[in-house]
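All remarks here apply to the structure that follows.
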Amino acid sequence: MIFSDLAFGVCGLALVVATWWLHRTDAEATVTALFDAIMTSRAARVAIIVMWWWIGWHFLAGQTVDV
Amino acid sequence: MVSSQPAPEDRHAGAIRRRPRWSELGWIAVLAAIGIVQVIRQQWFDAAVYGLMVVMITADARGLLPDRAAVRSRPLRGMLVAAVACGAVLSVVPRHGPVMIAAMLVLGVTALSMAWPGPREPASNWPRGLVRLARAWALCVIAGCVWELGEFVATRIAPHKTADSLSDIANPALSTTVGQAVFVAGWLAVGVWLLRRGRRA
């Protein structure tokens with residue numbers, strides 16, 4: 001369990017640090033601007049919304065843990 | 001056939017035929033990959049959702065569906081009121097129960113009906129800083145997904161092994177009332193934020 005905690009923690013931390021660092025070097029580089037650009041495309045917009053919804057479904061309604 | 005440039009169009013039965021772009025094929029591949037994992041997990045409803053989305057986005061990318069480019073207004077205040085009302089219900093309803101399932105299905109259909117209308121074509125001429133940020137996000141998210149997939153495969157190869165996927169880590173916290181409420185609040189906030197993205201100025 002400790003390795004997975006660490007791996008997901010590192011990925012999350014890297015995301016935060018990279019976002020902060022790139023915004024420092026370029027004021028235009030914000031997460032909002034990034035998703036505004038990505039989600040201009042319908043395929044991306046629908047895919048991201050479906051993945052967001054499925055995360056909620058998976059943890060709240062569907063089978064969360066495989067036994 | 002695939003194109004990264006605007007494709008020659010062919011009007012047919014109210015829709016405009018077009019060639020899918022590489023970026024659209026990439027999103028279709030991501031959804032198909034998640035759907036395959038759901039088939040392996042024997043989660044047939046989840047697999048069907050992803051399968052249906054693959055079919056719909058592929059049909060849209062090929063111009064087989066009418067292009068609903070007009071965006072309905074999405075007032076922030078209205079969305080926040082709806083999100084708070086949903087959050088109040090989802091925080092107290094038992095997980096995996098019939099009320100939760102019904103509420104999540106209604107929420108899913110509503111979110112999809114809000115996300116579908118709008119521009120079909122991806123943005124062009126991204127600023128350099130945004131390209132760098134996109135690459136950094138892609139790298140971090142893909143790394144996390146690869147680890148999750150590795151844990152999933154490991155438990156399939158050795159079923160007696162303790163599963164360490166994100167679901168296994170988060171599930172105990174979500175089993176508490178506070179954990180469920182915090183998750184619902186964060187998840188709905190991200191949803192409202194996402195539904196307001198991608199609107200061309």
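Quick note on naming: the chains in the structure tokens go A, B, ... in the order shown, residues restart at 1 in each chain, and ligands are numbered from 1 in order of appearance.
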
Skip range 126-129 of chain B itself and residues of its chain fewer than 6 positions away, then list as a compact mmCIF listing (two decimals) with C-alpha atoms, in the first residue's frame all residues within 12 Å of it, counting only C-alpha atoms.
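And here's around-v4.txt as it stands now:
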# COMPACT_ATOMS: atom_id res chain seq x y z
CA ALA A 18 4.65 21.76 -12.70
CA THR A 19 1.48 23.87 -12.86
CA TRP A 21 6.30 26.54 -12.10
CA LEU A 22 4.96 26.93 -15.65
CA HIS A 23 2.50 29.62 -14.52
CA ARG A 24 5.41 31.47 -12.92
CA THR A 25 7.33 31.47 -16.20
CA ASP A 26 4.29 32.26 -18.37
CA ALA A 27 1.26 34.06 -16.91
CA GLU A 28 -0.97 32.70 -19.73
CA ALA A 29 -0.34 29.10 -18.64
CA THR A 30 -3.21 28.51 -16.23
CA VAL A 31 -5.25 25.36 -15.62
CA ALA A 33 -6.88 28.35 -19.89
CA LEU A 34 -5.64 24.81 -20.50
CA PHE A 35 -9.07 23.24 -20.04
CA ASP A 36 -10.72 26.06 -22.00
CA ALA A 37 -8.44 25.17 -24.92
CA ILE A 38 -8.78 21.38 -24.58
CA THR A 40 -13.18 23.53 -27.22
CA ARG B 135 2.50 18.22 -21.82
CA ALA B 136 3.23 18.38 -18.07

Show which residues sit within 9 Å of Arg42 in chain A, as an MDAnalysis selection string. Count only C-alpha atoms, and ignore same-chain residues fewer than 2 positions away.
(chainID A and resid 39:40 44:47) or (chainID B and resid 24 57 60:61 115:122 198)

Residues from last step as file, C-alpha atoms, as an mmCIF file, in the first residue's frame:
data_model
loop_
_atom_site.group_PDB
_atom_site.id
_atom_site.type_symbol
_atom_site.label_atom_id
_atom_site.label_comp_id
_atom_site.auth_asym_id
_atom_site.auth_seq_id
_atom_site.Cartn_x
_atom_site.Cartn_y
_atom_site.Cartn_z
ATOM 1 C CA MET A 39 -12.544 21.410 -24.151
ATOM 2 C CA THR A 40 -13.179 23.527 -27.217
ATOM 3 C CA ALA A 44 -12.454 16.137 -25.628
ATOM 4 C CA ARG A 45 -15.300 17.919 -23.852
ATOM 5 C CA VAL A 46 -17.582 14.883 -23.858
ATOM 6 C CA ALA A 47 -14.759 12.433 -23.030
ATOM 7 C CA GLU B 24 -10.503 13.135 -31.702
ATOM 8 C CA ILE B 57 -18.100 10.474 -30.468
ATOM 9 C CA ASP B 60 -19.939 12.837 -34.435
ATOM 10 C CA ALA B 61 -16.283 13.020 -35.479
ATOM 11 C CA ALA B 115 -21.417 19.123 -22.579
ATOM 12 C CA TRP B 116 -22.476 17.967 -26.045
ATOM 13 C CA PRO B 117 -23.684 21.255 -27.624
ATOM 14 C CA GLY B 118 -20.956 23.697 -28.585
ATOM 15 C CA PRO B 119 -18.023 23.819 -30.952
ATOM 16 C CA ARG B 120 -16.830 20.554 -32.495
ATOM 17 C CA GLU B 121 -13.434 21.682 -33.754
ATOM 18 C CA PRO B 122 -10.447 21.864 -31.393
ATOM 19 C CA GLY B 198 -14.360 25.233 -23.556
#

From chain A, collect each residue whose DSSP state is helix (DSSP H, G or I) and return the set as an MDAnalysis selection string.
chainID A and resid 2:25 31:38 42:61

Next, dump the selected residues to file, keeping only C-alpha atoms, as a PDB file, in the first residue's frame.
ATOM      1  CA  ILE A   2       2.844   2.383   0.862  1.00  0.00           C
ATOM      2  CA  PHE A   3       4.283   2.235  -2.694  1.00  0.00           C
ATOM      3  CA  SER A   4       0.929   3.107  -4.255  1.00  0.00           C
ATOM      4  CA  ASP A   5       0.355   5.950  -1.787  1.00  0.00           C
ATOM      5  CA  LEU A   6       3.802   7.228  -2.690  1.00  0.00           C
ATOM      6  CA  ALA A   7       3.309   6.826  -6.456  1.00  0.00           C
ATOM      7  CA  PHE A   8      -0.038   8.634  -6.535  1.00  0.00           C
ATOM      8  CA  GLY A   9       1.349  11.262  -4.147  1.00  0.00           C
ATOM      9  CA  VAL A  10       4.330  11.905  -6.415  1.00  0.00           C
ATOM     10  CA  CYS A  11       2.066  12.222  -9.478  1.00  0.00           C
ATOM     11  CA  GLY A  12      -0.209  14.670  -7.653  1.00  0.00           C
ATOM     12  CA  LEU A  13       2.696  16.689  -6.296  1.00  0.00           C
ATOM     13  CA  ALA A  14       4.377  16.774  -9.719  1.00  0.00           C
ATOM     14  CA  LEU A  15       1.119  18.079 -11.203  1.00  0.00           C
ATOM     15  CA  VAL A  16       0.900  20.891  -8.632  1.00  0.00           C
ATOM     16  CA  VAL A  17       4.594  21.842  -8.860  1.00  0.00           C
ATOM     17  CA  ALA A  18       4.650  21.757 -12.698  1.00  0.00           C
ATOM     18  CA  THR A  19       1.483  23.872 -12.856  1.00  0.00           C
ATOM     19  CA  TRP A  20       2.890  26.415 -10.386  1.00  0.00           C
ATOM     20  CA  TRP A  21       6.305  26.537 -12.099  1.00  0.00           C
ATOM     21  CA  LEU A  22       4.958  26.926 -15.645  1.00  0.00           C
ATOM     22  CA  HIS A  23       2.504  29.623 -14.521  1.00  0.00           C
ATOM     23  CA  ARG A  24       5.413  31.471 -12.918  1.00  0.00           C
ATOM     24  CA  THR A  25       7.327  31.470 -16.203  1.00  0.00           C
ATOM     25  CA  VAL A  31      -5.247  25.362 -15.620  1.00  0.00           C
ATOM     26  CA  THR A  32      -8.424  27.239 -16.581  1.00  0.00           C
ATOM     27  CA  ALA A  33      -6.883  28.352 -19.889  1.00  0.00           C
ATOM     28  CA  LEU A  34      -5.636  24.810 -20.504  1.00  0.00           C
ATOM     29  CA  PHE A  35      -9.070  23.241 -20.045  1.00  0.00           C
ATOM     30  CA  ASP A  36     -10.722  26.060 -22.001  1.00  0.00           C
ATOM     31  CA  ALA A  37      -8.436  25.170 -24.917  1.00  0.00           C
ATOM     32  CA  ILE A  38      -8.777  21.382 -24.578  1.00  0.00           C
ATOM     33  CA  ARG A  42     -16.481  18.291 -28.587  1.00  0.00           C
ATOM     34  CA  ALA A  43     -14.693  14.929 -28.471  1.00  0.00           C
ATOM     35  CA  ALA A  44     -12.454  16.137 -25.628  1.00  0.00           C
ATOM     36  CA  ARG A  45     -15.300  17.919 -23.852  1.00  0.00           C
ATOM     37  CA  VAL A  46     -17.582  14.883 -23.858  1.00  0.00           C
ATOM     38  CA  ALA A  47     -14.759  12.433 -23.030  1.00  0.00           C
ATOM     39  CA  ILE A  48     -13.616  14.491 -20.024  1.00  0.00           C
ATOM     40  CA  ILE A  49     -17.179  14.929 -18.722  1.00  0.00           C
ATOM     41  CA  VAL A  50     -17.830  11.187 -19.114  1.00  0.00           C
ATOM     42  CA  MET A  51     -14.618  10.363 -17.214  1.00  0.00           C
ATOM     43  CA  TRP A  52     -15.510  12.895 -14.490  1.00  0.00           C
ATOM     44  CA  TRP A  53     -19.007  11.424 -14.161  1.00  0.00           C
ATOM     45  CA  TRP A  54     -17.679   7.865 -14.102  1.00  0.00           C
ATOM     46  CA  ILE A  55     -15.347   8.696 -11.182  1.00  0.00           C
ATOM     47  CA  GLY A  56     -18.416   9.758  -9.197  1.00  0.00           C
ATOM     48  CA  TRP A  57     -20.363   6.714 -10.355  1.00  0.00           C
ATOM     49  CA  HIS A  58     -17.477   4.370  -9.503  1.00  0.00           C
ATOM     50  CA  PHE A  59     -17.040   5.658  -5.960  1.00  0.00           C
ATOM     51  CA  LEU A  60     -20.683   6.382  -5.075  1.00  0.00           C
ATOM     52  CA  ALA A  61     -22.951   4.072  -7.040  1.00  0.00           C
TER      53      ALA A  61
END

Distance of CA of Gly186 in chain B from CA of Ala134 in chain B, expressed in Å to one decimal place
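Separating CA of Ala134 in chain B from CA of Gly186 in chain B is a distance of 22.4 Å.
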
d(CA of Ala103 in chain B, CA of Cys86 in chain B) in Å
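One can read the CA of Ala103 in chain B to CA of Cys86 in chain B distance as 8.2 Å.
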
Could you state the separation of CA of Trp193 in chain B and CA of Pro20 in chain B in Å, given to one decimal place?
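The value is 27.3 Å.
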